[in-house]
$ cat structure.txt   # compact mmCIF, C-alpha atoms
# COMPACT_ATOMS: atom_id res chain seq x y z
CA MET E 3 -8.47 -13.42 1.32
CA ARG E 4 -10.93 -10.93 2.80
CA HIS E 5 -10.82 -12.83 6.12
CA LEU E 6 -7.16 -11.98 6.61
CA PHE E 7 -7.88 -8.41 7.60
CA SER E 8 -9.80 -9.50 10.69
CA VAL E 9 -7.09 -11.97 11.72
CA CYS E 10 -4.10 -9.91 10.64
CA PRO E 11 -4.79 -6.19 11.18
CA THR E 12 -1.13 -5.43 10.50
CA LEU E 13 -1.94 -5.91 6.81
CA LEU E 14 -3.41 -2.42 6.97
CA TRP E 15 -0.19 -0.83 8.22
CA PRO E 16 2.22 0.79 5.77
CA VAL E 17 5.33 -1.28 5.16
CA HIS E 18 8.57 0.34 4.07
CA ARG E 19 11.33 -1.08 1.94
CA PHE E 20 14.83 -1.80 3.22
CA ARG E 21 16.44 1.33 4.60
CA ARG E 22 19.67 -0.38 3.69
CA LEU E 23 20.45 -3.83 2.35
CA PRO E 24 21.20 -6.26 5.21
CA ARG E 25 24.59 -7.90 5.32
CA LEU E 26 24.81 -11.54 4.29
CA GLY E 27 23.61 -13.75 7.15
CA GLN E 28 22.44 -10.79 9.24
CA PRO E 29 18.69 -11.41 9.81
CA LEU E 30 19.08 -13.68 12.89
CA SER E 31 20.04 -10.65 15.00
CA MET E 32 18.52 -7.23 15.60
CA VAL E 33 18.15 -5.66 12.15
CA ALA E 34 16.60 -2.44 10.92
CA ALA E 35 14.05 -3.40 8.30
CA CYS E 36 10.49 -2.38 7.42
CA GLY E 37 11.04 0.77 9.45
CA ILE E 38 11.06 -1.16 12.76
CA PHE E 39 13.44 -3.15 14.98
CA VAL E 40 12.46 -6.76 15.52
CA ALA E 41 14.27 -9.28 17.73
CA LEU E 42 14.64 -12.48 15.71
CA THR E 43 15.43 -15.86 17.21
CA PRO E 44 16.34 -19.15 15.57
CA LEU E 45 13.50 -21.40 14.39
CA ALA E 46 14.31 -24.16 16.86
CA THR E 47 13.72 -21.90 19.87
CA GLN E 48 10.37 -20.44 18.77
CA ALA E 49 6.82 -21.67 19.31
CA GLN E 50 5.35 -21.94 15.83
CA THR E 51 2.09 -20.14 15.07
CA CYS E 52 0.79 -19.04 11.70
CA VAL E 53 2.10 -15.72 10.47
CA CYS E 54 -0.04 -13.06 8.84
CA PRO E 55 0.62 -12.89 5.09
CA PRO E 56 2.63 -9.76 4.28
CA PRO E 57 0.91 -7.06 2.21
CA GLY E 58 1.27 -7.07 -1.55
CA MET E 59 0.58 -10.76 -2.17
CA VAL E 60 -0.82 -11.20 -5.71
CA ALA E 61 -0.76 -15.02 -5.96
CA TRP E 62 -0.58 -17.95 -3.54
CA TRP E 63 -0.51 -21.65 -4.38
CA PRO E 64 -0.58 -23.64 -1.08
CA GLY E 65 -0.67 -26.99 -2.91
CA ASP E 66 -3.03 -28.44 -0.31
CA GLY E 67 -4.59 -31.20 -2.40
CA ASN E 68 -5.52 -28.85 -5.24
CA ALA E 69 -3.78 -26.43 -7.60
CA ASN E 70 -5.82 -23.38 -6.60
CA ASP E 71 -4.36 -19.88 -6.49
CA ILE E 72 -6.22 -18.71 -3.39
CA VAL E 73 -5.47 -15.01 -3.92
CA ALA E 74 -5.97 -14.17 -7.60
CA GLY E 75 -7.89 -17.28 -8.63
CA GLN E 76 -5.71 -17.88 -11.68
CA PRO E 77 -6.69 -21.19 -13.32
CA THR E 78 -3.90 -23.65 -12.53
CA THR E 79 -3.54 -27.17 -13.94
CA LEU E 80 -1.51 -30.21 -12.92
CA VAL E 81 -0.04 -31.68 -16.11
CA ASN E 82 1.58 -34.98 -17.07
CA GLY E 83 1.04 -36.65 -13.72
CA ALA E 84 2.02 -33.92 -11.27
CA THR E 85 0.38 -34.73 -7.96
CA PHE E 86 0.57 -34.01 -4.22
CA GLY E 87 2.67 -35.30 -1.36
CA PRO E 88 3.40 -34.46 2.28
CA GLY E 89 4.32 -30.80 2.49
CA LEU E 90 5.89 -28.68 5.17
CA VAL E 91 2.55 -26.84 5.55
CA GLY E 92 -0.20 -29.36 4.83
CA GLN E 93 0.35 -30.89 1.39
CA ALA E 94 2.71 -29.84 -1.41
CA PHE E 95 3.11 -30.23 -5.16
CA LYS E 96 4.98 -33.46 -5.92
CA LEU E 97 7.01 -33.58 -9.15
CA ASP E 98 8.85 -36.53 -10.67
CA GLY E 99 11.35 -34.49 -12.69
CA VAL E 100 10.47 -36.33 -15.91
CA ASP E 101 7.79 -34.39 -17.77
CA ASP E 102 5.24 -33.09 -15.26
CA GLY E 103 4.59 -29.61 -13.91
CA ILE E 104 1.98 -27.07 -12.90
CA SER E 105 0.77 -24.59 -15.53
CA ILE E 106 -0.85 -21.28 -14.60
CA LEU E 107 -3.19 -19.44 -17.00
CA LYS E 108 -1.92 -15.99 -16.14
CA SER E 109 -3.90 -12.95 -15.10
CA PRO E 110 -2.45 -9.41 -15.19
CA ALA E 111 -1.41 -9.96 -11.55
CA LEU E 112 1.72 -11.79 -12.73
CA ASN E 113 2.77 -9.09 -15.21
CA LEU E 114 4.91 -7.23 -12.68
CA GLY E 115 6.32 -4.64 -15.08
CA THR E 116 8.75 -2.28 -13.38
CA SER E 117 7.57 -3.21 -9.88
CA ASP E 118 9.84 -4.63 -7.24
CA PHE E 119 8.71 -8.14 -6.35
CA THR E 120 9.25 -11.20 -4.18
CA ILE E 121 8.84 -14.92 -4.95
CA ASP E 122 8.99 -17.41 -2.10
CA ALA E 123 8.33 -21.11 -1.50
CA TRP E 124 9.29 -24.10 0.61
CA VAL E 125 11.17 -26.78 -1.34
CA LYS E 126 12.42 -30.30 -0.69
CA VAL E 127 14.77 -31.15 -3.55
CA ALA E 128 15.21 -34.80 -4.51
CA ALA E 129 17.65 -34.27 -7.39
CA ILE E 130 18.71 -31.78 -10.08
CA VAL E 131 17.61 -32.91 -13.54
CA GLY E 132 17.94 -31.13 -16.86
CA GLY E 133 20.48 -28.62 -15.56
CA SER E 134 18.36 -26.83 -12.92
CA GLY E 135 15.19 -27.13 -10.88
CA PRO E 136 12.63 -24.41 -11.69
CA ILE E 137 10.43 -23.49 -8.73
CA PHE E 138 8.44 -20.68 -10.38
CA PHE E 139 9.03 -19.39 -13.90
CA ASN E 140 7.25 -16.65 -15.85
CA TYR E 141 8.66 -16.44 -19.37
CA ALA E 142 7.55 -14.42 -22.39
CA GLY E 143 10.43 -14.71 -24.85
CA VAL E 144 12.98 -12.16 -23.68
CA PRO E 145 11.21 -10.80 -20.58
CA SER E 146 11.19 -13.28 -17.72
CA TYR E 147 11.57 -13.72 -13.99
CA GLY E 148 11.72 -16.70 -11.71
CA LEU E 149 13.05 -18.65 -8.77
CA GLN E 150 14.97 -21.90 -9.20
CA VAL E 151 17.56 -24.31 -7.83
CA ASP E 152 20.64 -24.08 -10.04
CA GLN E 153 22.80 -26.94 -11.34
CA THR E 154 24.87 -26.91 -8.14
CA GLY E 155 21.80 -27.25 -5.91
CA ARG E 156 21.72 -23.61 -4.74
CA ALA E 157 18.74 -21.24 -4.75
CA GLN E 158 18.68 -18.58 -7.44
CA ILE E 159 16.51 -15.62 -8.43
CA PHE E 160 16.70 -13.99 -11.85
CA PHE E 161 14.90 -11.34 -13.86
CA ARG E 162 15.35 -9.95 -17.36
CA PRO E 163 13.55 -6.93 -18.86
CA GLY E 164 11.46 -6.81 -21.95
CA VAL E 165 13.53 -6.08 -25.05
CA ALA E 166 17.19 -6.77 -25.70
CA ILE E 167 19.33 -3.75 -26.55
CA ILE E 168 20.65 -3.84 -30.10
CA GLY E 169 24.39 -4.47 -30.32
CA GLY E 170 26.91 -6.59 -28.45
CA GLY E 171 28.58 -6.28 -25.10
CA PRO E 172 27.16 -6.48 -21.58
CA GLN E 173 24.13 -4.37 -22.48
CA ALA E 174 22.94 -6.63 -25.30
CA ASN E 175 20.65 -8.67 -23.07
CA PRO E 176 20.87 -7.34 -19.52
CA SER E 177 19.65 -9.49 -16.65
CA VAL E 178 20.22 -9.94 -12.93
CA THR E 179 20.85 -13.25 -11.14
CA ALA E 180 21.59 -13.77 -7.44
CA THR E 181 22.62 -17.18 -6.09
CA GLY E 182 22.59 -18.56 -2.56
CA THR E 183 25.29 -20.57 -0.79
CA THR E 184 23.34 -23.42 0.86
CA VAL E 185 23.21 -26.67 -1.11
CA LEU E 186 19.55 -27.69 -1.02
CA THR E 187 19.90 -31.30 -2.18
CA ASP E 188 20.08 -32.67 1.37
CA GLY E 189 16.58 -34.14 1.55
CA GLN E 190 15.39 -31.43 3.98
CA TRP E 191 12.80 -28.70 3.66
CA HIS E 192 14.21 -25.23 2.93
CA HIS E 193 12.51 -21.86 2.61
CA VAL E 194 13.73 -19.85 -0.39
CA ALA E 195 12.82 -16.26 -1.25
CA GLY E 196 13.97 -14.13 -4.17
CA VAL E 197 13.57 -10.35 -4.03
CA ARG E 198 13.89 -7.70 -6.71
CA ILE E 199 14.69 -4.10 -5.69
CA ARG E 200 15.04 -2.08 -8.91
CA ALA E 201 18.31 -3.33 -10.47
CA THR E 202 19.23 -5.56 -7.52
CA ALA E 203 18.35 -9.18 -6.81
CA LEU E 204 18.54 -10.75 -3.34
CA ILE E 205 18.29 -14.44 -2.46
CA PHE E 206 17.29 -15.64 1.03
CA VAL E 207 17.51 -19.24 2.25
CA ASP E 208 15.95 -20.31 5.57
CA GLY E 209 15.47 -16.70 6.58
CA LEU E 210 19.02 -15.54 5.85
CA LEU E 211 20.27 -13.34 3.04
CA GLU E 212 22.78 -15.48 1.14
CA GLY E 213 23.46 -13.59 -2.08
CA SER E 214 22.90 -10.38 -3.99
CA ALA E 215 23.66 -8.97 -7.43
CA THR E 216 23.11 -5.64 -9.16
CA ASN E 217 23.12 -4.77 -12.85
CA PRO E 218 22.13 -1.11 -13.50
CA THR E 219 21.90 -1.75 -17.27
CA VAL E 220 18.55 -3.52 -16.79
CA LEU E 221 17.03 -0.12 -16.08
CA ASN E 222 17.97 1.00 -19.60
CA VAL E 223 15.52 -1.47 -21.14
CA ASN E 224 11.89 -0.36 -20.79
CA PHE E 225 12.90 1.24 -17.48
CA GLY E 226 13.63 -2.27 -16.22
CA GLY E 227 10.10 -3.48 -16.92
CA VAL E 228 9.55 -7.25 -17.00
CA ASP E 229 6.48 -7.41 -19.29
CA THR E 230 5.30 -11.02 -19.47
CA SER E 231 1.80 -10.32 -20.81
CA GLY E 232 2.66 -11.78 -24.23
CA CYS E 233 2.41 -15.41 -23.06
CA LYS E 234 -0.53 -17.34 -21.63
CA TYR E 235 1.21 -19.52 -19.05
CA ALA E 236 3.53 -19.26 -16.07
CA ARG E 237 4.83 -22.49 -14.53
CA ILE E 238 5.67 -24.15 -11.23
CA GLY E 239 8.27 -26.93 -11.33
CA SER E 240 8.88 -26.87 -15.09
CA LEU E 241 9.90 -24.79 -18.12
CA HIS E 242 8.84 -24.21 -21.69
CA THR E 243 10.97 -21.75 -23.66
CA ALA E 244 10.89 -23.58 -27.01
CA PRO E 245 8.55 -22.77 -29.95
CA ASN E 246 4.88 -22.58 -28.91
CA HIS E 247 5.95 -21.80 -25.33
CA CYS E 248 3.41 -18.99 -25.12
CA THR E 249 0.41 -21.19 -25.87
CA SER E 250 1.39 -24.67 -24.68
CA LEU E 251 -0.30 -25.95 -21.53
CA ASN E 252 2.32 -28.68 -21.20
CA PRO E 253 5.91 -28.01 -20.13
CA ASN E 254 8.78 -29.00 -22.38
CA PRO E 255 10.26 -32.30 -21.13
CA ALA E 256 13.52 -31.50 -22.92
CA GLU E 257 14.13 -28.55 -20.57
CA ALA E 258 14.89 -28.29 -16.85
CA ARG E 259 12.46 -29.96 -14.45
CA PHE E 260 12.05 -29.95 -10.69
CA GLN E 261 12.24 -33.28 -8.87
CA GLY E 262 10.88 -33.23 -5.36
CA LEU E 263 8.26 -31.23 -3.43
CA ILE E 264 7.29 -27.56 -3.76
CA ASP E 265 5.04 -25.97 -1.13
CA GLU E 266 3.47 -22.57 -0.46
CA VAL E 267 4.44 -20.72 -3.66
CA GLU E 268 3.72 -16.99 -3.38
CA ILE E 269 4.24 -13.87 -5.47
CA PHE E 270 4.30 -10.33 -4.05
CA ASN E 271 4.29 -7.12 -6.08
CA ARG E 272 6.80 -5.48 -3.77
CA ALA E 273 10.11 -6.30 -2.11
CA LEU E 274 9.55 -8.05 1.21
CA CYS E 275 12.00 -6.96 3.85
CA ALA E 276 14.25 -9.23 5.89
CA THR E 277 11.97 -9.35 8.93
CA GLU E 278 8.96 -10.41 6.84
CA ILE E 279 10.92 -13.21 5.17
CA GLN E 280 12.31 -14.32 8.53
CA ALA E 281 8.77 -14.40 9.97
CA ILE E 282 7.56 -16.72 7.19
CA PHE E 283 10.52 -19.02 7.82
CA ASN E 284 10.02 -18.95 11.60
CA ALA E 285 6.35 -19.95 11.22
CA GLY E 286 7.54 -23.24 9.74
CA LYS E 287 4.80 -25.89 9.63
CA ALA E 288 2.21 -23.41 10.93
CA GLY E 289 2.51 -21.46 7.66
CA LYS E 290 0.56 -18.32 6.90
CA CYS E 291 -2.85 -17.64 8.39
CA LYS E 292 -5.70 -18.31 5.95
CA HIS E 293 -8.82 -17.70 8.04

$ encode --input "structure.txt" --output "structure tokens"
Amino acid sequence: MRHLFSVCPTLLWPVHRFRRLPRLGQPLSMVAACGIFVALTPLATQAQTCVCPPPGMVAWWPGDGNANDIVAGQPTTLVNGATFGPGLVGQAFKLDGVDDGISILKSPALNLGTSDFTIDAWVKVAAIVGGSGPIFFNYAGVPSYGLQVDQTGRAQIFFRPGVAIIGGGPQANPSVTATGTTVLTDGQWHHVAGVRIRATALIFVDGLLEGSATNPTVLNVNFGGVDTSGCKYARIGSLHTAPNHCTSLNPNPAEARFQGLIDEVEIFNRALCATEIQAIFNAGKAGKCKH
């Protein structure tokens, strides 16, 4: 990734968080985000060129004919027949929704702790099997975070801190989940991005903010830290939360699986702002600049 600084000098500029949360559906107009005003136009009216990757990227799986993480170099393995198919940007991970997946031998880069974060990807959903369609999932018993398509076909981000609070009630196992409104099972490519800002989760679909949720009680558990260092693997397109989940390379075929194509999976250790997410969406097939 060292080449990006010569192509994308804006990576060296400071980037600020949201000054205020945008209203649902707002990012197609003039919005104040990242400390600047940017005029945003619909994808269909823009010439597509690659966009500079935003700062803070800690992992990037393009899925271009290999499983490589081209940022952190985390060893990543296609399991049980996962393969590649035509992506939106080059090739993509192709999953049959039966028992395959992509398993990532994690480095500390994916243990996000108390940090804000963003997960984004392009997805083309064939069907919902097993109750939901996991896009990216990092699970370590109680602490977990991820991006998925829920049982109704809508994008969803969730995170849960490290240790459940003893006792019943809403604080027993605090988590945050935000769900979008667009049904993604239409056979088209969609860009999905999930953002954490302290106790708030935001979900963007095709460059627009579609949902948000806040649960302040998550900050009462390890200061809201999502410590996933206790398990070896994170996963793309599959789950494993059963016994031996921390050490099993293979996903659990009895749990939710993704059926379709997943492209350009990325993790950032900060909250991307609306203009940055819109820019990734607007780049479309041109994707993010690599050289």

$ closest_residue --input "structure.txt" --among "E:Ile104, E:Val127, E:Ala285, E:Ala111" --to "Ala61 (chain E)" --atoms "only C-alpha atoms"
E:Ala111

$ closest_residue --input "structure.txt" --among "E:Arg156, E:Leu251, E:Gly143, E:Ile269" --to "Leu80 (chain E)" --atoms "all atoms listed in the file"
E:Leu251

$ residues_around --input "structure.txt" --residues "Met59 (chain E)" --least-positions-apart "2" --cutoff "10 Å" --atoms "only C-alpha atoms" --output "count of residues only"
17

$ residues_around --input "structure.txt" --residues "Phe283 (chain E)" --least-positions-apart "5" --cutoff "9 Å" --atoms "all atoms listed in the file" --output "list of chain:residue names"
E:Leu45, E:Trp124, E:His192, E:His193, E:Val194, E:Val207, E:Asp208, E:Gly209, E:Glu278, E:Gly289

$ closest_residue --input "structure.txt" --among "E:Ala69, E:Val178, E:Val100, E:Val197" --to "Gly226 (chain E)" --atoms "only C-alpha atoms"
E:Val178

$ closest_residue --input "structure.txt" --among "E:Ile159, E:Val60, E:Ala195, E:Leu241" --to "Leu114 (chain E)" --atoms "all atoms listed in the file"
E:Val60

$ atom_distance --input "structure.txt" --atom1 "CA of Ala142 (chain E)" --atom2 "CA of Thr183 (chain E)"
28.6 Å

$ closest_atom_pairs --input "structure.txt" --of "region 182-236 of chain E" --to "region 148-151 of chain E" --cutoff "10 Å" --atoms "all atoms listed in the file" --output "JSON lines"
{"residue": "E:Gly182", "atom": "CA", "partner": "E:Val151", "partner_atom": "CA", "distance": 9.3}
{"residue": "E:Val185", "atom": "CA", "partner": "E:Val151", "partner_atom": "CA", "distance": 9.1}
{"residue": "E:Leu186", "atom": "CA", "partner": "E:Val151", "partner_atom": "CA", "distance": 7.9}
{"residue": "E:Thr187", "atom": "CA", "partner": "E:Val151", "partner_atom": "CA", "distance": 9.3}
{"residue": "E:Val194", "atom": "CA", "partner": "E:Leu149", "partner_atom": "CA", "distance": 8.5}
{"residue": "E:Ala195", "atom": "CA", "partner": "E:Leu149", "partner_atom": "CA", "distance": 7.9}
{"residue": "E:Gly196", "atom": "CA", "partner": "E:Leu149", "partner_atom": "CA", "distance": 6.5}
{"residue": "E:Val197", "atom": "CA", "partner": "E:Leu149", "partner_atom": "CA", "distance": 9.6}
{"residue": "E:Ile205", "atom": "CA", "partner": "E:Leu149", "partner_atom": "CA", "distance": 9.2}
{"residue": "E:Ala236", "atom": "CA", "partner": "E:Gly148", "partner_atom": "CA", "distance": 9.6}

$ write_last_selection --input "structure.txt" --atoms "C-alpha atoms" --output "compact mmCIF listing (two decimals), keeping the file's coordinate frame"
# COMPACT_ATOMS: atom_id res chain seq x y z
CA GLY E 182 22.59 -18.56 -2.56
CA VAL E 185 23.21 -26.67 -1.11
CA LEU E 186 19.55 -27.69 -1.02
CA THR E 187 19.90 -31.30 -2.18
CA VAL E 194 13.73 -19.85 -0.39
CA ALA E 195 12.82 -16.26 -1.25
CA GLY E 196 13.97 -14.13 -4.17
CA VAL E 197 13.57 -10.35 -4.03
CA ILE E 205 18.29 -14.44 -2.46
CA ALA E 236 3.53 -19.26 -16.07

$ residues_around --input "structure.txt" --residues "Gly65 (chain E)" --least-positions-apart "5" --cutoff "12 Å" --atoms "all atoms listed in the file" --output "compact mmCIF listing (two decimals) with C-alpha atoms, in the coordinates of the input"
# COMPACT_ATOMS: atom_id res chain seq x y z
CA ASN E 70 -5.82 -23.38 -6.60
CA ASP E 71 -4.36 -19.88 -6.49
CA ILE E 72 -6.22 -18.71 -3.39
CA THR E 78 -3.90 -23.65 -12.53
CA THR E 79 -3.54 -27.17 -13.94
CA LEU E 80 -1.51 -30.21 -12.92
CA ALA E 84 2.02 -33.92 -11.27
CA THR E 85 0.38 -34.73 -7.96
CA PHE E 86 0.57 -34.01 -4.22
CA GLY E 87 2.67 -35.30 -1.36
CA PRO E 88 3.40 -34.46 2.28
CA GLY E 89 4.32 -30.80 2.49
CA LEU E 90 5.89 -28.68 5.17
CA VAL E 91 2.55 -26.84 5.55
CA GLY E 92 -0.20 -29.36 4.83
CA GLN E 93 0.35 -30.89 1.39
CA ALA E 94 2.71 -29.84 -1.41
CA PHE E 95 3.11 -30.23 -5.16
CA LYS E 96 4.98 -33.46 -5.92
CA LEU E 97 7.01 -33.58 -9.15
CA ILE E 104 1.98 -27.07 -12.90
CA ALA E 123 8.33 -21.11 -1.50
CA TRP E 124 9.29 -24.10 0.61
CA VAL E 125 11.17 -26.78 -1.34
CA ILE E 238 5.67 -24.15 -11.23
CA LEU E 263 8.26 -31.23 -3.43
CA ILE E 264 7.29 -27.56 -3.76
CA ASP E 265 5.04 -25.97 -1.13
CA GLU E 266 3.47 -22.57 -0.46
CA VAL E 267 4.44 -20.72 -3.66
CA GLU E 268 3.72 -16.99 -3.38

$ residues_around --input "structure.txt" --residues "Tyr235 (chain E)" --least-positions-apart "2" --cutoff "7 Å" --atoms "only C-alpha atoms" --output "ChimeraX atom specification"
/E:105-108,233,237,248

$ atom_distance --input "structure.txt" --atom1 "CA of Ala201 (chain E)" --atom2 "CA of Asn113 (chain E)"
17.2 Å

$ decode --input "structure.txt" --residues "region 46-67 of chain E" --atoms "N, CA, C and O atoms" --output "PDB file, in the first residue's frame"
ATOM      1  N   ALA E  46     -25.170   7.556 -11.780  1.00  0.00           N
ATOM      2  CA  ALA E  46     -25.415   7.460 -13.213  1.00  0.00           C
ATOM      3  C   ALA E  46     -24.904   8.674 -13.983  1.00  0.00           C
ATOM      4  O   ALA E  46     -24.685   8.607 -15.193  1.00  0.00           O
ATOM      5  N   THR E  47     -24.705   9.804 -13.306  1.00  0.00           N
ATOM      6  CA  THR E  47     -24.306  11.022 -14.004  1.00  0.00           C
ATOM      7  C   THR E  47     -22.816  11.297 -13.883  1.00  0.00           C
ATOM      8  O   THR E  47     -22.344  12.311 -14.371  1.00  0.00           O
ATOM      9  N   GLN E  48     -22.052  10.412 -13.220  1.00  0.00           N
ATOM     10  CA  GLN E  48     -20.645  10.669 -12.990  1.00  0.00           C
ATOM     11  C   GLN E  48     -19.767   9.798 -13.877  1.00  0.00           C
ATOM     12  O   GLN E  48     -20.088   8.641 -14.148  1.00  0.00           O
ATOM     13  N   ALA E  49     -18.640  10.364 -14.348  1.00  0.00           N
ATOM     14  CA  ALA E  49     -17.613   9.552 -14.978  1.00  0.00           C
ATOM     15  C   ALA E  49     -16.891   8.797 -13.871  1.00  0.00           C
ATOM     16  O   ALA E  49     -16.502   9.384 -12.863  1.00  0.00           O
ATOM     17  N   GLN E  50     -16.714   7.489 -14.057  1.00  0.00           N
ATOM     18  CA  GLN E  50     -16.156   6.675 -12.986  1.00  0.00           C
ATOM     19  C   GLN E  50     -14.640   6.576 -13.125  1.00  0.00           C
ATOM     20  O   GLN E  50     -14.117   6.145 -14.152  1.00  0.00           O
ATOM     21  N   THR E  51     -13.931   7.003 -12.108  1.00  0.00           N
ATOM     22  CA  THR E  51     -12.498   6.810 -11.972  1.00  0.00           C
ATOM     23  C   THR E  51     -12.253   6.248 -10.594  1.00  0.00           C
ATOM     24  O   THR E  51     -13.071   6.399  -9.684  1.00  0.00           O
ATOM     25  N   CYS E  52     -11.094   5.599 -10.423  1.00  0.00           N
ATOM     26  CA  CYS E  52     -10.824   4.998  -9.108  1.00  0.00           C
ATOM     27  C   CYS E  52     -10.711   6.088  -8.054  1.00  0.00           C
ATOM     28  O   CYS E  52     -10.289   7.217  -8.330  1.00  0.00           O
ATOM     29  N   VAL E  53     -11.128   5.740  -6.858  1.00  0.00           N
ATOM     30  CA  VAL E  53     -11.098   6.673  -5.745  1.00  0.00           C
ATOM     31  C   VAL E  53      -9.959   6.289  -4.807  1.00  0.00           C
ATOM     32  O   VAL E  53      -9.642   5.101  -4.640  1.00  0.00           O
ATOM     33  N   CYS E  54      -9.316   7.280  -4.235  1.00  0.00           N
ATOM     34  CA  CYS E  54      -8.241   7.008  -3.288  1.00  0.00           C
ATOM     35  C   CYS E  54      -8.810   6.339  -2.036  1.00  0.00           C
ATOM     36  O   CYS E  54      -9.821   6.809  -1.498  1.00  0.00           O
ATOM     37  N   PRO E  55      -8.202   5.264  -1.561  1.00  0.00           N
ATOM     38  CA  PRO E  55      -8.693   4.630  -0.338  1.00  0.00           C
ATOM     39  C   PRO E  55      -8.658   5.611   0.830  1.00  0.00           C
ATOM     40  O   PRO E  55      -7.652   6.299   1.034  1.00  0.00           O
ATOM     41  N   PRO E  56      -9.733   5.715   1.594  1.00  0.00           N
ATOM     42  CA  PRO E  56      -9.712   6.601   2.757  1.00  0.00           C
ATOM     43  C   PRO E  56      -8.661   6.159   3.776  1.00  0.00           C
ATOM     44  O   PRO E  56      -8.291   4.979   3.832  1.00  0.00           O
ATOM     45  N   PRO E  57      -8.169   7.085   4.595  1.00  0.00           N
ATOM     46  CA  PRO E  57      -7.225   6.726   5.643  1.00  0.00           C
ATOM     47  C   PRO E  57      -7.845   5.770   6.660  1.00  0.00           C
ATOM     48  O   PRO E  57      -9.069   5.712   6.822  1.00  0.00           O
ATOM     49  N   GLY E  58      -7.002   5.034   7.336  1.00  0.00           N
ATOM     50  CA  GLY E  58      -7.448   4.161   8.412  1.00  0.00           C
ATOM     51  C   GLY E  58      -7.765   2.743   7.981  1.00  0.00           C
ATOM     52  O   GLY E  58      -8.231   1.944   8.793  1.00  0.00           O
ATOM     53  N   MET E  59      -7.526   2.393   6.712  1.00  0.00           N
ATOM     54  CA  MET E  59      -7.808   1.041   6.260  1.00  0.00           C
ATOM     55  C   MET E  59      -6.813   0.066   6.900  1.00  0.00           C
ATOM     56  O   MET E  59      -5.600   0.244   6.816  1.00  0.00           O
ATOM     57  N   VAL E  60      -7.333  -0.987   7.548  1.00  0.00           N
ATOM     58  CA  VAL E  60      -6.471  -1.978   8.194  1.00  0.00           C
ATOM     59  C   VAL E  60      -6.550  -3.340   7.517  1.00  0.00           C
ATOM     60  O   VAL E  60      -5.748  -4.226   7.820  1.00  0.00           O
ATOM     61  N   ALA E  61      -7.501  -3.538   6.604  1.00  0.00           N
ATOM     62  CA  ALA E  61      -7.596  -4.795   5.861  1.00  0.00           C
ATOM     63  C   ALA E  61      -8.389  -4.545   4.592  1.00  0.00           C
ATOM     64  O   ALA E  61      -9.328  -3.742   4.583  1.00  0.00           O
ATOM     65  N   TRP E  62      -8.010  -5.274   3.518  1.00  0.00           N
ATOM     66  CA  TRP E  62      -8.682  -5.108   2.229  1.00  0.00           C
ATOM     67  C   TRP E  62      -8.548  -6.406   1.450  1.00  0.00           C
ATOM     68  O   TRP E  62      -7.440  -6.826   1.115  1.00  0.00           O
ATOM     69  N   TRP E  63      -9.708  -7.034   1.191  1.00  0.00           N
ATOM     70  CA  TRP E  63      -9.761  -8.257   0.394  1.00  0.00           C
ATOM     71  C   TRP E  63     -10.465  -7.943  -0.932  1.00  0.00           C
ATOM     72  O   TRP E  63     -11.699  -7.982  -1.009  1.00  0.00           O
ATOM     73  N   PRO E  64      -9.724  -7.651  -2.024  1.00  0.00           N
ATOM     74  CA  PRO E  64     -10.366  -7.352  -3.303  1.00  0.00           C
ATOM     75  C   PRO E  64     -11.050  -8.562  -3.935  1.00  0.00           C
ATOM     76  O   PRO E  64     -11.973  -8.395  -4.743  1.00  0.00           O
ATOM     77  N   GLY E  65     -10.581  -9.777  -3.623  1.00  0.00           N
ATOM     78  CA  GLY E  65     -11.172 -10.972  -4.221  1.00  0.00           C
ATOM     79  C   GLY E  65     -10.854 -11.138  -5.694  1.00  0.00           C
ATOM     80  O   GLY E  65     -11.601 -11.795  -6.419  1.00  0.00           O
ATOM     81  N   ASP E  66      -9.744 -10.571  -6.145  1.00  0.00           N
ATOM     82  CA  ASP E  66      -9.400 -10.592  -7.570  1.00  0.00           C
ATOM     83  C   ASP E  66      -8.600 -11.848  -7.930  1.00  0.00           C
ATOM     84  O   ASP E  66      -7.392 -11.797  -8.208  1.00  0.00           O
ATOM     85  N   GLY E  67      -9.265 -12.996  -7.865  1.00  0.00           N
ATOM     86  CA  GLY E  67      -8.618 -14.243  -8.240  1.00  0.00           C
ATOM     87  C   GLY E  67      -7.745 -14.845  -7.175  1.00  0.00           C
ATOM     88  O   GLY E  67      -7.127 -15.895  -7.376  1.00  0.00           O
TER      89      GLY E  67
END
